[in-house]
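Pasting start.cif here (mmCIF, C-alpha atoms):
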data_data
#
loop_
_atom_site.group_PDB
_atom_site.id
_atom_site.type_symbol
_atom_site.label_atom_id
_atom_site.label_comp_id
_atom_site.auth_asym_id
_atom_site.auth_seq_id
_atom_site.Cartn_x
_atom_site.Cartn_y
_atom_site.Cartn_z
ATOM 1 C CA MET A 1 -144.259 69.714 4.565
ATOM 2 C CA ASN A 2 -140.491 69.328 4.773
ATOM 3 C CA ILE A 3 -138.788 69.174 1.358
ATOM 4 C CA ARG A 4 -135.065 68.548 0.957
ATOM 5 C CA LEU A 5 -133.484 68.895 -2.437
ATOM 6 C CA ASN A 6 -129.898 68.334 -3.552
ATOM 7 C CA GLN A 7 -128.832 66.780 -0.264
ATOM 8 C CA PRO A 8 -125.585 64.799 -0.612
ATOM 9 C CA PHE A 9 -125.821 61.058 -0.060
ATOM 10 C CA SER A 10 -123.984 59.923 3.060
ATOM 11 C CA THR A 11 -123.190 56.363 4.065
ATOM 12 C CA ASN A 12 -122.386 57.522 7.610
ATOM 13 C CA THR A 13 -126.038 57.131 8.599
ATOM 14 C CA VAL A 14 -125.725 53.334 8.398
ATOM 15 C CA ILE A 15 -124.949 51.857 11.803
ATOM 16 C CA PRO A 16 -123.844 48.274 11.199
ATOM 17 C CA ALA A 17 -124.730 45.548 13.680
ATOM 18 C CA ARG A 18 -121.332 43.929 13.166
ATOM 19 C CA VAL A 19 -117.997 45.692 12.711
ATOM 20 C CA ILE A 20 -115.012 43.537 11.750
ATOM 21 C CA THR A 21 -111.674 45.254 12.298
ATOM 22 C CA ILE A 22 -108.313 44.016 11.040
ATOM 23 C CA ALA A 23 -105.033 45.337 12.460
ATOM 24 C CA VAL A 24 -101.917 44.525 10.431
ATOM 25 C CA ASP A 25 -98.287 44.465 11.573
ATOM 26 C CA THR A 26 -97.173 46.074 8.329
ATOM 27 C CA VAL A 27 -93.403 45.594 8.606
ATOM 28 C CA HIS A 28 -93.756 41.908 9.500
ATOM 29 C CA LEU A 29 -96.340 41.181 6.816
ATOM 30 C CA TYR A 30 -94.451 43.127 4.132
ATOM 31 C CA SER A 31 -91.323 41.071 4.845
ATOM 32 C CA GLN A 32 -93.292 37.954 3.772
ATOM 33 C CA LYS A 33 -93.911 36.774 0.211
ATOM 34 C CA SER A 34 -97.095 38.118 -1.418
ATOM 35 C CA GLY A 35 -99.975 35.677 -1.792
ATOM 36 C CA GLN A 36 -102.034 33.314 0.362
ATOM 37 C CA TYR A 37 -101.022 34.194 3.911
ATOM 38 C CA THR A 38 -100.725 31.612 6.683
ATOM 39 C CA GLY A 39 -98.421 33.385 9.143
ATOM 40 C CA THR A 40 -98.831 35.842 11.984
ATOM 41 C CA GLY A 41 -99.138 39.619 12.070
ATOM 42 C CA VAL A 42 -102.815 39.877 11.091
ATOM 43 C CA TYR A 43 -105.219 40.457 13.986
ATOM 44 C CA MET A 44 -108.982 40.289 13.373
ATOM 45 C CA MET A 45 -111.690 41.192 15.868
ATOM 46 C CA ASP A 46 -115.370 42.085 15.848
ATOM 47 C CA ASN A 47 -117.926 43.558 18.217
ATOM 48 C CA ASN A 48 -119.665 40.258 18.974
ATOM 49 C CA ILE A 49 -117.487 38.107 21.221
ATOM 50 C CA SER A 50 -120.382 37.820 23.680
ATOM 51 C CA GLY A 51 -122.669 36.726 20.807
ATOM 52 C CA GLY A 52 -120.557 33.750 19.776
ATOM 53 C CA SER A 53 -117.760 35.069 17.569
ATOM 54 C CA LEU A 54 -114.542 33.055 17.954
ATOM 55 C CA GLY A 55 -110.881 33.553 17.096
ATOM 56 C CA GLU A 56 -110.545 37.173 18.208
ATOM 57 C CA GLY A 57 -106.957 38.390 17.831
ATOM 58 C CA GLY A 58 -105.958 36.029 15.007
ATOM 59 C CA LYS A 59 -106.522 35.919 11.271
ATOM 60 C CA THR A 60 -109.151 33.164 11.370
ATOM 61 C CA LEU A 61 -112.012 35.085 12.987
ATOM 62 C CA ASN A 62 -115.313 33.190 13.042
ATOM 63 C CA SER A 63 -117.800 36.052 13.089
ATOM 64 C CA GLN A 64 -121.480 35.566 13.941
ATOM 65 C CA VAL A 65 -123.832 37.888 12.031
ATOM 66 C CA THR A 66 -127.614 38.232 11.758
ATOM 67 C CA ALA A 67 -129.638 38.190 8.535
ATOM 68 C CA GLY A 68 -130.937 41.615 7.572
ATOM 69 C CA PHE A 69 -128.193 43.542 9.348
ATOM 70 C CA SER A 70 -125.158 45.401 8.018
ATOM 71 C CA VAL A 71 -121.578 44.181 8.378
ATOM 72 C CA ALA A 72 -118.736 46.727 8.218
ATOM 73 C CA PHE A 73 -115.055 45.991 7.556
ATOM 74 C CA ASN A 74 -112.060 48.165 8.462
ATOM 75 C CA VAL A 75 -108.309 47.548 8.248
ATOM 76 C CA PHE A 76 -105.555 49.546 9.979
ATOM 77 C CA PRO A 77 -101.751 49.466 9.929
ATOM 78 C CA ILE A 78 -99.724 48.892 13.081
ATOM 79 C CA ASP A 79 -96.705 51.009 12.186
ATOM 80 C CA ALA A 80 -95.074 52.900 15.056
ATOM 81 C CA GLU A 81 -98.068 55.237 15.568
ATOM 82 C CA GLY A 82 -98.312 56.105 11.882
ATOM 83 C CA ALA A 83 -94.787 57.529 11.690
ATOM 84 C CA GLN A 84 -93.741 55.257 8.792
ATOM 85 C CA GLY A 85 -96.615 56.199 6.517
ATOM 86 C CA ASP A 86 -97.649 52.567 6.010
ATOM 87 C CA ILE A 87 -100.905 51.949 4.174
ATOM 88 C CA VAL A 88 -103.180 48.904 4.388
ATOM 89 C CA GLU A 89 -106.258 48.677 2.180
ATOM 90 C CA ILE A 90 -108.960 46.083 1.671
ATOM 91 C CA GLU A 91 -108.801 45.194 -2.007
ATOM 92 C CA GLY A 92 -111.744 42.833 -2.174
ATOM 93 C CA PHE A 93 -113.802 39.874 -0.955
ATOM 94 C CA GLU A 94 -114.729 36.539 -2.475
ATOM 95 C CA ILE A 95 -116.797 33.624 -1.194
ATOM 96 C CA SER A 96 -114.428 30.625 -0.948
ATOM 97 C CA SER A 97 -116.961 28.031 0.183
ATOM 98 C CA GLY A 98 -120.417 27.735 1.679
ATOM 99 C CA SER A 99 -123.444 29.873 0.893
ATOM 100 C CA ASN A 100 -123.309 33.516 -0.146
ATOM 101 C CA ILE A 101 -124.901 35.013 2.968
ATOM 102 C CA PHE A 102 -124.827 38.454 1.309
ATOM 103 C CA GLY A 103 -127.232 37.382 -1.441
ATOM 104 C CA ASN A 104 -127.492 39.315 -4.690
ATOM 105 C CA PHE A 105 -127.677 42.792 -3.180
ATOM 106 C CA GLY A 106 -125.752 42.784 0.102
ATOM 107 C CA PHE A 107 -122.204 41.900 -0.971
ATOM 108 C CA PRO A 108 -119.633 44.201 0.702
ATOM 109 C CA SER A 109 -118.606 47.224 -1.330
ATOM 110 C CA LYS A 110 -115.977 49.894 -0.876
ATOM 111 C CA GLN A 111 -117.352 53.033 0.769
ATOM 112 C CA PRO A 112 -116.543 56.655 -0.076
ATOM 113 C CA GLY A 113 -113.595 58.261 1.720
ATOM 114 C CA LYS A 114 -115.836 60.145 4.160
ATOM 115 C CA SER A 115 -117.542 56.994 5.451
ATOM 116 C CA SER A 116 -116.783 55.633 8.917
ATOM 117 C CA TYR A 117 -116.363 52.188 7.355
ATOM 118 C CA GLN A 118 -114.055 51.131 4.534
ATOM 119 C CA TRP A 119 -116.295 48.348 3.209
ATOM 120 C CA LEU A 120 -119.946 47.739 4.027
ATOM 121 C CA GLY A 121 -122.289 44.858 3.250
ATOM 122 C CA THR A 122 -125.551 43.375 4.471
ATOM 123 C CA ALA A 123 -126.029 39.768 5.528
ATOM 124 C CA MET A 124 -129.159 38.772 3.620
ATOM 125 C CA LEU A 125 -129.420 34.995 3.955
ATOM 126 C CA GLN A 126 -129.046 32.498 6.742
ATOM 127 C CA GLY A 127 -126.069 30.169 6.330
ATOM 128 C CA GLU A 128 -122.340 29.819 6.706
ATOM 129 C CA CYS A 129 -119.466 30.762 4.453
ATOM 130 C CA THR A 130 -115.739 30.997 4.303
ATOM 131 C CA TYR A 131 -114.797 34.184 2.532
ATOM 132 C CA GLN A 132 -111.478 35.322 1.192
ATOM 133 C CA ILE A 133 -110.341 38.816 2.072
ATOM 134 C CA LYS A 134 -107.539 40.417 0.071
ATOM 135 C CA ILE A 135 -105.501 43.353 1.364
ATOM 136 C CA GLY A 136 -102.806 45.541 -0.137
ATOM 137 C CA VAL A 137 -99.887 46.658 2.055
ATOM 138 C CA THR A 138 -97.412 49.463 1.439
ATOM 139 C CA VAL A 139 -94.558 50.129 3.872
ATOM 140 C CA GLY A 140 -92.794 53.490 3.835
ATOM 141 C CA GLY A 141 -93.781 54.243 0.235
ATOM 142 C CA ALA A 142 -92.508 50.913 -1.181
ATOM 143 C CA PRO A 143 -94.552 49.177 -3.917
ATOM 144 C CA LYS A 144 -97.807 47.548 -2.805
ATOM 145 C CA LYS A 145 -97.852 43.833 -1.961
ATOM 146 C CA TYR A 146 -101.022 41.726 -1.783
ATOM 147 C CA TYR A 147 -102.044 39.106 0.792
ATOM 148 C CA TRP A 148 -105.210 37.065 1.308
ATOM 149 C CA TRP A 149 -106.653 34.564 3.770
ATOM 150 C CA ASP A 150 -109.995 32.925 4.553
ATOM 151 C CA PRO A 151 -112.007 34.016 7.621
ATOM 152 C CA TYR A 152 -115.479 32.622 8.320
ATOM 153 C CA LEU A 153 -118.985 34.083 8.689
ATOM 154 C CA ALA A 154 -122.049 32.358 10.154
ATOM 155 C CA CYS A 155 -125.383 34.101 9.608
ATOM 156 C CA SER A 156 -128.458 33.304 11.673
ATOM 157 C CA ALA A 157 -132.021 34.522 11.284
#

Conversion result in structure tokens:
Amino acid sequence: MNIRLNQPFSTNTVIPARVITIAVDTVHLYSQKSGQYTGTGVYMMDNNISGGSLGEGGKTLNSQVTAGFSVAFNVFPIDAEGAQGDIVEIEGFEISSGSNIFGNFGFPSKQPGKSSYQWLGTAMLQGECTYQIKIGVTVGGAPKKYYWWDPYLACSA
């Protein structure tokens, strides 16, 4: 019998089927007014272009996910190789329209600092939704500004 007591919980053991990554041109975005963002400088991509995801490299990624599988979200600054100390953080998610494919228990949540993923959720239900993602951007230690836009998720069984 193998007994393990007092083992720390680790979210790193979750290997999501879909990873959505957002790269942000921090200086360009920070020069824009906070709020609903419709311009350039936000680049979304996922690991499913061959499975039907569309819009890679823009802010309107249409990501295809599968019910029952995890979806991870990461965001990174593009800031002269990190020399400026810019910070980009995902602040939250909200379903804008369509069905809540995450159900009651799979909605993305912020992960601990040691996790490989910044936010992690599980697609629970088949359907389609537009979701709003909100990020906070700090450039060179300046006060944080907030931006949001509406990507799209389609979940199949």

**OP:** Just the residues within 10 Å of Ile15 (chain A), please, counting only C-alpha atoms, with nothing from its chain fewer than 5 positions along; format it as a VMD selection string.
**Re:** chain A and resid 69 to 72 116 to 117

Subject >> Hits of the PyMOL selection byres ((chain A and resi 126-135) around 8) in this structure, as JSON, numbers by chain >> reply: {"A": [66, 67, 88, 89, 90, 91, 92, 93, 94, 95, 96, 97, 98, 99, 100, 101, 123, 124, 125, 136, 137, 146, 147, 148, 149, 150, 151, 152, 153, 154, 155, 156, 157]}

Subject >> Interatomic distance, CA of Ile20 (chain A) to CA of Asn47 (chain A) (Å, one decimal) >> reply: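 So the two atoms, CA of Ile20 (chain A) and CA of Asn47 (chain A), lie 7.1 Å apart.
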
Original post:
Of the candidates A:Ala23, A:Leu61, A:Val75, A:Leu29, which shows the shortest atom-to-atom distance to Trp119 (chain A), using only C-alpha atoms?
Top reply: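 That would be A:Val75, the residue with the smallest distance to Trp119 (chain A).
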
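CA of Met44 (chain A) lies 10.5 Å from CA of Val19 (chain A).
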
Original post:
Interatomic distance between CA of Val24 (chain A) and CA of Pro143 (chain A)?
Top reply: 16.8 Å

**OP:** Determine, counting all atoms listed in the file, which protein, DNA and RNA residues have an atom within 8 Å of an atom of Thr21 (chain A); residues of the same chain fewer than 6 positions away are not included. Present the result as a ChimeraX atom specification.
**Re:** /A:44-46,73-76

Original post:
Taking only C-alpha atoms into account, which of A:Val65, A:Pro77, A:Pro108, A:Glu56 comes nearest Tyr30 (chain A)?
Top reply: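 Ranked by minimum distance to Tyr30 (chain A), first place goes to A:Pro77.
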
Original post:
With distances taken over only C-alpha atoms, which of A:Ala80, A:Phe102, A:Lys110, A:Val27 is nearest to Thr138 (chain A)?
Top reply: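 Answer, going by the shortest atom-to-atom distance: A:Val27.
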
Original post:
Taking into account only C-alpha atoms, which residue in the set A:Gly55, A:Gln111, A:Thr60, A:Asp79 is nearest to His28 (chain A)?
Top reply: A:Asp79

**OP:** Have a look at A:Thr122, A:Thr26, A:Asn62, A:Ser31 and name the one nearest to Asn104 (chain A); count all atoms listed in the file.
**Re:**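 Counting all atoms listed in the file, the residue closest to Asn104 (chain A) is A:Thr122.
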